[in-house]
Amino acid sequence: MAHVENNPMSEEDILIKEQGYDDHFHDHHHGDKYQSNFITTYIFSQDHKIIARQFLITGIFWAIIGGLMSLIFRLQLGFPEENMAWLRPVLGRWITLNDAGVGSIAPEFYYAMVTMHGTIIVFFVLTAGLSGTFSNLLIPLQVGARDMASPFLNMLSYWFFFLAGVVMFISLFLSTGPFSGGWTAYPPLSALPQASTGSGAGMTLWLVSLVLFVVSVLLGGINYVTTVLNLRTKGMTMWRMPLTIWAFFVTAILGILSFPVLASGFFLLVFDRGLGTSFFLNEIFIGGQALDHVGGSPILYQHMFWFLGHPEVYIIILPAMGIVSEVLSVHARKPIFGYKAMVYSILAIAFLSFIVWAHHMFMSGVNPFISNFFVVFTLIIAVPSAVKVFNWIATLYGGNIRFTSASLFGIGFVSMFISGGLTGIFLGNSALDIQLHDTYFVVAHFHIVMGIAAFFGMFAGVYNWFPKMFGRFMNETLGRIHFWGTVVGAYAIFWPMHYLGMAGVPRRYYKFDVFESFGQFSQMNKFITVAAIFVFALQILFVINFFYSIWKGKKMTTKNPWGASTLEWTTPIHTGHGNWEGNIPSVHRWPYDYGKDGKEFISQIQPLAEGEKDAGDH
Amino acid sequence: MNTMAVDQENKRNKIHPQKFAVWLACGSITMMFTALVSSYIVRQASGNWLEFRLPGIFLLSTITILASSAALHGSYIAYGRGKEGLYKSLLLLALLLGFGFVISQYEGWLALQSIGVPLKTNPSGDFVYAISGLHAAHVLGGIVALTIASIRAFSLPFKVTARRKLRQELTLTYWHFVDLLWVYLFFFLTLYS
Ligand code: HEM
Ligand SMILES: [Cu+2]
């Protein structure tokens with residue numbers, strides 16, 4: 001290698017060249033086959049990095065829609081007496097006018113908005129937008145692969161998601177409105193087209209959309225698992241994988257195992273809706289008329305739904321946990337504390353998440369004896385969760401923390417996860433749940449622990465990997481304003497809800513004017529609504545920052561701006577198809593060598609020094 | 001550097017990624033049916049359950065699909081040994097038996113009606129329709145794969161290549177899977193009625 005001296009290659013490039021592995025990728029012209037024109041490059045792309053951006057931008061679109069919906073129902077809750085006629089130009093006849101010309105939000109529309117908000121945020125934003133984006137971006141880059149195991153299925157996964165979105169979007173414009181029976185779609189509202197306005201065409205489209213979505217999740221998940229298990233580069237053992245990869249990997253397995261169960265539930269629901277069977281229906285009267293559906297059990301649906309539903313909440317949070325672990329370690333300039341404990345707790349959470357689902361059904365009439373088992377398993381889940389929290393804090397402790405937008409959101413995630421996890425322990429007790437079930441306490445719990453926390457994980461990821469995605473940085477000042485405003489605002493929205501819930505205020509009610517005792521909360525409800533508007537406005541700031549930075553952000557001038565040790569930062573600034581220009585790098589150490597041997601960080605591609613032991617190996 | 005040596009070292013994957021993906025898909029489908037079978041058991045335990053014997057025609061279906069699986073396996077082996085004629089005829093046989101299975105299932109549903117268990121009688125019967133219907137849908141997926149395989153077998157010049165062998169193995173895995181799945185469902189529905 002005599003020519004090295006007069007070659008401008010960096011030390012890393014030389015390492016990749018010398019130690020790396022030549023898979024003859026560049027011998028054939030893949031680039032021409034896959035990326036020959038605008039359509040194959042940016043639309044029907046099979047490149048995982050483009051697909052990641054497609055997932056992210058589609059997710060942002062849905063987050064704006066879902067967020068706007070929440071403002072509509074918050075207006076109703078905060079200002080039920082106010083004149084809403086000014087919304088008529090946008091919402092049309094969903095704003096009803098009384099004789100005096102005072103407009104109010106139609107109750108059916110209120111329910112439709114609550115339902116759509118939940119469905120959209122849970123599935124389209126926090127499942128597809130979060131794990132779709134980052135699994136796609138990071139799995140091949142961080143395990144050292146050219147692309148996913150099947151780039152074609154990967155592309156299909158995005159387009160099934162896209163189609164699911166199109167169908168759901170169309171349902172918003174039906175004259176009878178979209179589905180309005182809650183994001184969990186319990187029968188009978190979901191099973192009988194005549195049960196409510198949204199139960200007809202709205203529910204049909206909801207089902208079609210979600211079936212397409214399940215297909216998308218399965219295609220994506222199968223690909224992610226296969227890629228992680230089969231396409232890791234030389235030296236990348238399982239115990240050298242970054243925690244992001246562990247999280248995406250386990251998330252994908254959860255999806256593969258739980259989404260089909262939801263599909264089965266939907267399948268029986270379709271029978272009940274379309275063919276008149278009675279799997280989930282029993283002795284129902286509509287408008288004084290007895291229906292001939294007998295012998296079914298709506299509880300059966302709840303079991304099938306929550307068997308997915310609970311793993312689903314971890315499908316949402318695990319990727320965020322992985323991202324936060326990585327971001328905190330990089331920006332604290334310290335190895336992650338308890339790497340193996342982190343992996344084992346991911347596995348424990350994943351396993352336990354399959355045997356706690358009935359904690360959503362304590363009040364549905366399940367046998368109290370059986371409830372006991374679910375109480376115990378539910379409370380046990382707090383243990384691995386606490387291990388993770390402890391490790392994040394220990395990672396930060398004594399670190400040389402760089403308070404970037406990314407790491408701030410990572411820290412915010414930890415705060416939210418603690419606050420929301422604690423209320424989970426209250427809810428996990430079936431006796432306390434008698435008071436708390438279906439109140440604002442539950443709303444507060446899951447928005448903090450899942451909604452806000454997962455959004456924070458996503459923001460941490462976007463700020464951190466934006467340079468990898470677009471070759472530019474997002475604006476840091478705007479990022480910090482975004483963080484501080486959001487963290488304060490989010491607590492302002494959800495903290496008071498705990499009090500509402502403890503006082504017994506039920507969730508999903510349109511109005512409380514007939515409950516005298518809840519009248520005292522009208523000021524609190526106003527406050528929450530104002531805070532929600534404030535937080536939404538800040539997210540618009542983020543969106544502006546995001547799109548502005550894609551074209552006008554500060555340019556990335558070095559390959560590894562954060563000084564991170566993982567493989568994605570060894571690729572060229574403008575990463576082309578196939579990720580590495582020459583050889584694929586080989587890996588010699590675990591991903592968290594920060595502050596070791598007097599060096600700020602040591603890349604995974606650096607061979608071990610003479611006598612040095614891999615820090616991951618114990 | 002000797003690239004061949006690295007090449008070998010990097011071959012950590014003992015199983016081809018696409019084969020692995022098919023296995024994962026089978027696992028996913030298994031979960032779908034596990035869900036249905038569990039709801040069957042739960043629903044049955046809560047009473048108001050009409051008992052009836054599964055019509056005999058479903059046994060015929062079971063034999064048909066087993067035979068189809070065997071034929072496809074034979075075709076795969078024949079291909080590996082370069083026996084073109086045997087390979088093609090067994091492939092066609094497997095496809096025909098696949099169609100036979102779906103038709104036989106349809107006859108089974110008709111037989112259910114004639115013994116007085118049409119749809120909407122009782123969840124016990126509805127479950128049989130739902131479970132066998134969803135299974136038949138998965139068999140149809142396999143039939144599409146077999147049809148494509150047959151078209152390729154008869155239109156492309158015969159040649160034994162690793163790539164084609166892999167394709168056949170993927171189809172074979174899936175076909176065996178839906179076969180075994182049905183055998184399980186058949187015994188379950190027979191014993192748990
Ligand atoms: C410390 C661990 C946790 C415990 C013990 C726990 C417990 C519970 C319980 C018992 C309920 C049902 C309350 C009711 O409906 O009456 C519940 C609801 C919920 N939890 Fe948790 N939880 C925990 C963590 C999480 C996490 C990490 C997430 C998401 C990432 C999450 C998301 C949800 C959601 C979405 C709901 C409400 C669903 C609905 O009814 O619409 N929880 N939780
Ligand atoms: Cu749960």
# chains A, B, ... in the order shown; residues from 1 in each chain; ligands from 1
>>> residues_near_ligand(ligand="ligand 1", cutoff="8 Å", atoms="only C-alpha atoms and all ligand atoms", output="number ranges by chain")
A: 183-184, 309-310, 313-318, 359-363, 375, 378-383, 385, 417, 420-430, 433-434, 436-439, 442-443, 445-447, 449-451, 453-454
>>> interface_residues(of="chain A", to="chain B", cutoff="9 Å", atoms="only C-alpha atoms", output="PDB file with C-alpha atoms, in the first residue's frame")
ATOM      1  CA  GLU A  18      -7.609  -2.595   4.066  1.00  0.00           C
ATOM      2  CA  GLY A  20     -13.015  -4.281   4.866  1.00  0.00           C
ATOM      3  CA  TYR A  21     -14.694  -6.904   2.857  1.00  0.00           C
ATOM      4  CA  ASP A  22     -15.154  -6.777  -0.913  1.00  0.00           C
ATOM      5  CA  ASP A  23     -18.558  -8.159  -1.815  1.00  0.00           C
ATOM      6  CA  ALA A 149     -32.477  -8.353   2.575  1.00  0.00           C
ATOM      7  CA  SER A 150     -35.248  -7.646   0.113  1.00  0.00           C
ATOM      8  CA  LEU A 218     -45.423  -7.543   8.252  1.00  0.00           C
ATOM      9  CA  LEU A 219     -43.488  -6.931   5.033  1.00  0.00           C
ATOM     10  CA  ILE A 222     -39.874  -9.701   8.052  1.00  0.00           C
ATOM     11  CA  ASN A 223     -37.297  -7.689   6.177  1.00  0.00           C
ATOM     12  CA  VAL A 225     -35.456  -9.340  11.148  1.00  0.00           C
ATOM     13  CA  THR A 226     -33.932 -11.101   8.157  1.00  0.00           C
ATOM     14  CA  THR A 227     -31.503  -8.270   7.567  1.00  0.00           C
ATOM     15  CA  LEU A 229     -29.854 -11.856  11.398  1.00  0.00           C
ATOM     16  CA  ASN A 230     -28.302 -12.493   8.003  1.00  0.00           C
ATOM     17  CA  LEU A 231     -26.630  -9.432   6.582  1.00  0.00           C
ATOM     18  CA  ARG A 232     -24.383  -8.204   9.369  1.00  0.00           C
ATOM     19  CA  THR A 233     -20.892  -7.378   8.232  1.00  0.00           C
ATOM     20  CA  LYS A 234     -17.788  -9.270   9.224  1.00  0.00           C
ATOM     21  CA  GLY A 235     -17.124  -8.908  12.938  1.00  0.00           C
ATOM     22  CA  ILE A 256     -44.632 -10.202  13.286  1.00  0.00           C
ATOM     23  CA  LEU A 257     -46.161 -12.053  16.218  1.00  0.00           C
ATOM     24  CA  SER A 258     -48.890  -9.648  17.283  1.00  0.00           C
ATOM     25  CA  PHE A 259     -50.256  -7.951  14.164  1.00  0.00           C
ATOM     26  CA  PRO A 260     -51.540 -11.229  12.668  1.00  0.00           C
ATOM     27  CA  VAL A 261     -53.689 -11.675  15.764  1.00  0.00           C
ATOM     28  CA  LEU A 262     -55.259  -8.294  15.118  1.00  0.00           C
ATOM     29  CA  ALA A 263     -55.815  -9.387  11.531  1.00  0.00           C
ATOM     30  CA  SER A 264     -57.697 -12.448  12.802  1.00  0.00           C
ATOM     31  CA  GLY A 265     -59.844 -10.233  15.003  1.00  0.00           C
ATOM     32  CA  PHE A 267     -61.377 -11.116   9.952  1.00  0.00           C
ATOM     33  CA  LEU A 268     -64.078 -12.235  12.390  1.00  0.00           C
ATOM     34  CA  PHE A 271     -67.840 -11.860   9.139  1.00  0.00           C
ATOM     35  CA  LEU A 275     -72.180 -12.066   6.675  1.00  0.00           C
ATOM     36  CA  GLY A 276     -74.359 -11.636   9.736  1.00  0.00           C
ATOM     37  CA  THR A 277     -72.512 -14.043  12.024  1.00  0.00           C
ATOM     38  CA  SER A 278     -72.340 -13.426  15.767  1.00  0.00           C
ATOM     39  CA  PHE A 279     -68.785 -13.899  16.910  1.00  0.00           C
ATOM     40  CA  HIS A 293     -77.420 -11.686  16.656  1.00  0.00           C
ATOM     41  CA  VAL A 294     -77.062 -14.002  19.627  1.00  0.00           C
ATOM     42  CA  GLY A 295     -74.347 -16.127  21.155  1.00  0.00           C
ATOM     43  CA  GLY A 296     -71.309 -13.945  20.530  1.00  0.00           C
ATOM     44  CA  SER A 297     -69.046 -12.164  22.959  1.00  0.00           C
ATOM     45  CA  LEU A 300     -63.598 -11.980  22.729  1.00  0.00           C
ATOM     46  CA  TYR A 301     -62.813  -9.077  20.432  1.00  0.00           C
ATOM     47  CA  HIS A 303     -58.942 -10.127  23.951  1.00  0.00           C
ATOM     48  CA  MET A 304     -57.912 -10.279  20.311  1.00  0.00           C
TER      49      MET A 304
END
>>> residues_around(residues="segment 178-191 of chain B", least_positions_apart="4", cutoff="7 Å", atoms="only C-alpha atoms", output="list of chain:residue names")
B:Leu54, B:Thr62, B:Ile65, B:Leu66, B:Ser69, B:Val139, B:Tyr174
>>> select_by_dssp(residues="segment 264-312 of chain A", states="alpha helix (DSSP H)", output="list of chain:residue names")
A:Ser264, A:Gly265, A:Phe266, A:Phe267, A:Leu268, A:Leu269, A:Val270, A:Pro298, A:Ile299, A:Leu300, A:Tyr301, A:Gln302, A:His303, A:Met304, A:Phe305, A:Trp306, A:Phe307, A:Leu308, A:Gly309, A:His310, A:Pro311, A:Glu312
>>> write_last_selection(atoms="N, CA, C and O atoms", output="PDB file, in the first residue's frame")
ATOM      1  N   SER A 264     -56.663 -11.434  12.559  1.00  0.00           N
ATOM      2  CA  SER A 264     -57.697 -12.448  12.802  1.00  0.00           C
ATOM      3  C   SER A 264     -58.930 -11.820  13.428  1.00  0.00           C
ATOM      4  O   SER A 264     -60.062 -12.158  13.064  1.00  0.00           O
ATOM      5  N   GLY A 265     -58.713 -10.918  14.384  1.00  0.00           N
ATOM      6  CA  GLY A 265     -59.844 -10.233  15.003  1.00  0.00           C
ATOM      7  C   GLY A 265     -60.644  -9.473  13.953  1.00  0.00           C
ATOM      8  O   GLY A 265     -61.880  -9.542  13.915  1.00  0.00           O
ATOM      9  N   PHE A 266     -59.934  -8.771  13.065  1.00  0.00           N
ATOM     10  CA  PHE A 266     -60.610  -8.034  12.001  1.00  0.00           C
ATOM     11  C   PHE A 266     -61.369  -8.982  11.081  1.00  0.00           C
ATOM     12  O   PHE A 266     -62.449  -8.673  10.607  1.00  0.00           O
ATOM     13  N   PHE A 267     -60.758 -10.142  10.841  1.00  0.00           N
ATOM     14  CA  PHE A 267     -61.377 -11.116   9.952  1.00  0.00           C
ATOM     15  C   PHE A 267     -62.743 -11.546  10.499  1.00  0.00           C
ATOM     16  O   PHE A 267     -63.747 -11.552   9.775  1.00  0.00           O
ATOM     17  N   LEU A 268     -62.793 -11.846  11.793  1.00  0.00           N
ATOM     18  CA  LEU A 268     -64.078 -12.235  12.390  1.00  0.00           C
ATOM     19  C   LEU A 268     -65.041 -11.047  12.394  1.00  0.00           C
ATOM     20  O   LEU A 268     -66.247 -11.210  12.224  1.00  0.00           O
ATOM     21  N   LEU A 269     -64.490  -9.850  12.584  1.00  0.00           N
ATOM     22  CA  LEU A 269     -65.324  -8.645  12.573  1.00  0.00           C
ATOM     23  C   LEU A 269     -65.981  -8.477  11.203  1.00  0.00           C
ATOM     24  O   LEU A 269     -67.163  -8.124  11.103  1.00  0.00           O
ATOM     25  N   VAL A 270     -65.214  -8.770  10.147  1.00  0.00           N
ATOM     26  CA  VAL A 270     -65.766  -8.672   8.808  1.00  0.00           C
ATOM     27  C   VAL A 270     -66.902  -9.670   8.635  1.00  0.00           C
ATOM     28  O   VAL A 270     -67.940  -9.363   8.057  1.00  0.00           O
ATOM     29  N   PRO A 298     -68.555  -9.776  22.914  1.00  0.00           N
ATOM     30  CA  PRO A 298     -67.705  -8.629  22.585  1.00  0.00           C
ATOM     31  C   PRO A 298     -66.367  -8.692  23.324  1.00  0.00           C
ATOM     32  O   PRO A 298     -65.380  -8.118  22.860  1.00  0.00           O
ATOM     33  N   ILE A 299     -66.347  -9.417  24.449  1.00  0.00           N
ATOM     34  CA  ILE A 299     -65.099  -9.530  25.205  1.00  0.00           C
ATOM     35  C   ILE A 299     -64.047 -10.267  24.383  1.00  0.00           C
ATOM     36  O   ILE A 299     -62.849  -9.997  24.474  1.00  0.00           O
ATOM     37  N   LEU A 300     -64.530 -11.220  23.562  1.00  0.00           N
ATOM     38  CA  LEU A 300     -63.598 -11.980  22.729  1.00  0.00           C
ATOM     39  C   LEU A 300     -62.811 -11.029  21.827  1.00  0.00           C
ATOM     40  O   LEU A 300     -61.600 -11.164  21.663  1.00  0.00           O
ATOM     41  N   TYR A 301     -63.516 -10.060  21.267  1.00  0.00           N
ATOM     42  CA  TYR A 301     -62.813  -9.077  20.432  1.00  0.00           C
ATOM     43  C   TYR A 301     -61.785  -8.321  21.255  1.00  0.00           C
ATOM     44  O   TYR A 301     -60.666  -8.082  20.814  1.00  0.00           O
ATOM     45  N   GLN A 302     -62.182  -7.949  22.473  1.00  0.00           N
ATOM     46  CA  GLN A 302     -61.245  -7.182  23.295  1.00  0.00           C
ATOM     47  C   GLN A 302     -59.975  -7.983  23.548  1.00  0.00           C
ATOM     48  O   GLN A 302     -58.875  -7.426  23.530  1.00  0.00           O
ATOM     49  N   HIS A 303     -60.138  -9.292  23.775  1.00  0.00           N
ATOM     50  CA  HIS A 303     -58.942 -10.127  23.951  1.00  0.00           C
ATOM     51  C   HIS A 303     -58.075 -10.076  22.701  1.00  0.00           C
ATOM     52  O   HIS A 303     -56.860  -9.913  22.772  1.00  0.00           O
ATOM     53  N   MET A 304     -58.715 -10.250  21.536  1.00  0.00           N
ATOM     54  CA  MET A 304     -57.912 -10.279  20.311  1.00  0.00           C
ATOM     55  C   MET A 304     -57.279  -8.928  20.058  1.00  0.00           C
ATOM     56  O   MET A 304     -56.138  -8.831  19.618  1.00  0.00           O
ATOM     57  N   PHE A 305     -58.031  -7.863  20.337  1.00  0.00           N
ATOM     58  CA  PHE A 305     -57.460  -6.537  20.101  1.00  0.00           C
ATOM     59  C   PHE A 305     -56.278  -6.276  21.025  1.00  0.00           C
ATOM     60  O   PHE A 305     -55.211  -5.857  20.597  1.00  0.00           O
ATOM     61  N   TRP A 306     -56.438  -6.541  22.302  1.00  0.00           N
ATOM     62  CA  TRP A 306     -55.378  -6.169  23.241  1.00  0.00           C
ATOM     63  C   TRP A 306     -54.202  -7.134  23.199  1.00  0.00           C
ATOM     64  O   TRP A 306     -53.116  -6.791  23.653  1.00  0.00           O
ATOM     65  N   PHE A 307     -54.434  -8.328  22.650  1.00  0.00           N
ATOM     66  CA  PHE A 307     -53.267  -9.197  22.460  1.00  0.00           C
ATOM     67  C   PHE A 307     -52.306  -8.537  21.473  1.00  0.00           C
ATOM     68  O   PHE A 307     -51.087  -8.679  21.590  1.00  0.00           O
ATOM     69  N   LEU A 308     -52.860  -7.822  20.495  1.00  0.00           N
ATOM     70  CA  LEU A 308     -51.988  -6.947  19.711  1.00  0.00           C
ATOM     71  C   LEU A 308     -51.712  -5.659  20.471  1.00  0.00           C
ATOM     72  O   LEU A 308     -50.585  -5.193  20.534  1.00  0.00           O
ATOM     73  N   GLY A 309     -52.778  -5.079  21.027  1.00  0.00           N
ATOM     74  CA  GLY A 309     -52.722  -3.717  21.525  1.00  0.00           C
ATOM     75  C   GLY A 309     -51.613  -3.485  22.519  1.00  0.00           C
ATOM     76  O   GLY A 309     -50.898  -2.501  22.432  1.00  0.00           O
ATOM     77  N   HIS A 310     -51.432  -4.410  23.468  1.00  0.00           N
ATOM     78  CA  HIS A 310     -50.361  -4.145  24.408  1.00  0.00           C
ATOM     79  C   HIS A 310     -48.973  -4.289  23.788  1.00  0.00           C
ATOM     80  O   HIS A 310     -48.175  -3.370  23.915  1.00  0.00           O
ATOM     81  N   PRO A 311     -48.659  -5.391  23.085  1.00  0.00           N
ATOM     82  CA  PRO A 311     -47.366  -5.391  22.373  1.00  0.00           C
ATOM     83  C   PRO A 311     -47.212  -4.163  21.477  1.00  0.00           C
ATOM     84  O   PRO A 311     -46.122  -3.600  21.349  1.00  0.00           O
ATOM     85  N   GLU A 312     -48.306  -3.705  20.896  1.00  0.00           N
ATOM     86  CA  GLU A 312     -48.224  -2.529  20.023  1.00  0.00           C
ATOM     87  C   GLU A 312     -47.667  -1.316  20.764  1.00  0.00           C
ATOM     88  O   GLU A 312     -46.866  -0.561  20.205  1.00  0.00           O
TER      89      GLU A 312
END
>>> residues_around(residues="segment 87-103 of chain B", least_positions_apart="6", cutoff="9 Å", atoms="only C-alpha atoms", output="number ranges by chain")
B: 60-65, 67-80, 136, 139-140, 142-143, 146-147, 149-150, 153-154
>>> residues_around(residues="Trp94 of chain A", least_positions_apart="5", cutoff="7 Å", atoms="only C-alpha atoms", output="list in words")
Ile105, Ala106 and Phe109 of chain A
>>> write_last_selection(atoms="N, CA and C atoms", output="short mmCIF file (atom, residue, chain, number, x, y, z; two decimals), in the first residue's frame")
data_model
loop_
_atom_site.label_atom_id
_atom_site.label_comp_id
_atom_site.auth_asym_id
_atom_site.auth_seq_id
_atom_site.Cartn_x
_atom_site.Cartn_y
_atom_site.Cartn_z
N ILE A 105 -69.69 22.10 17.63
CA ILE A 105 -69.15 20.92 16.97
C ILE A 105 -70.15 19.78 17.14
N ALA A 106 -70.52 19.14 16.03
CA ALA A 106 -71.49 18.06 16.12
C ALA A 106 -70.92 16.92 16.96
N PHE A 109 -69.19 14.21 15.17
CA PHE A 109 -67.90 14.63 14.63
C PHE A 109 -66.84 14.63 15.73
#
>>> residues_around(residues="segment 544-552 of chain A", least_positions_apart="6", cutoff="12 Å", atoms="only C-alpha atoms", output="list of chain:residue names")
A:Arg53, A:Leu56, A:Ile57, A:Ile60, A:Phe459, A:Val462, A:Tyr463, A:Phe466, A:Pro467, A:Lys468, A:Met469, A:Phe470, A:Gly471, A:Arg472, A:Phe473, A:Met474, A:Asn475, A:Glu476, A:Thr477, A:Leu478, A:Gly479, A:Arg480, A:Ile481, A:His482, A:Ala537, A:Leu538
>>> closest_residue(among="A:Asn400, A:Gln604, A:Thr571, A:Ser104", to="Glu81 of chain A", atoms="only C-alpha atoms")
A:Ser104
>>> residues_around(residues="segment 11-17 of chain A", least_positions_apart="2", cutoff="9 Å", atoms="only C-alpha atoms", output="PyMOL selection string")
chain A and resi 4+9+19-22+570+582-586+603+605-607
>>> closest_residue(among="A:Ser353, A:Thr133, A:Thr127, A:Asn154", to="ligand 2", atoms="only C-alpha atoms and all ligand atoms")
A:Ser353
>>> select_by_dssp(residues="segment 219-459 of chain A", states="strand (DSSP E or B)", output="list in words")
Phe285, Ile286, Gln289, Ala290 and Thr439 of chain A
>>> write_last_selection(atoms="N, CA and C atoms", output="PDB file, in the first residue's frame")
ATOM      1  N   PHE A 285     -80.137  -4.409  21.012  1.00  0.00           N
ATOM      2  CA  PHE A 285     -81.313  -3.678  20.566  1.00  0.00           C
ATOM      3  C   PHE A 285     -80.856  -2.380  19.922  1.00  0.00           C
ATOM      4  N   ILE A 286     -81.346  -2.118  18.726  1.00  0.00           N
ATOM      5  CA  ILE A 286     -81.081  -0.799  18.136  1.00  0.00           C
ATOM      6  C   ILE A 286     -82.423  -0.168  17.821  1.00  0.00           C
ATOM      7  N   GLN A 289     -85.482  -2.212  18.493  1.00  0.00           N
ATOM      8  CA  GLN A 289     -85.600  -3.470  17.748  1.00  0.00           C
ATOM      9  C   GLN A 289     -84.537  -4.475  18.211  1.00  0.00           C
ATOM     10  N   ALA A 290     -84.980  -5.689  18.544  1.00  0.00           N
ATOM     11  CA  ALA A 290     -83.988  -6.703  18.890  1.00  0.00           C
ATOM     12  C   ALA A 290     -83.367  -7.237  17.605  1.00  0.00           C
ATOM     13  N   THR A 439     -60.986   6.906  32.689  1.00  0.00           N
ATOM     14  CA  THR A 439     -61.012   8.312  33.090  1.00  0.00           C
ATOM     15  C   THR A 439     -59.828   9.022  32.451  1.00  0.00           C
TER      16      THR A 439
END
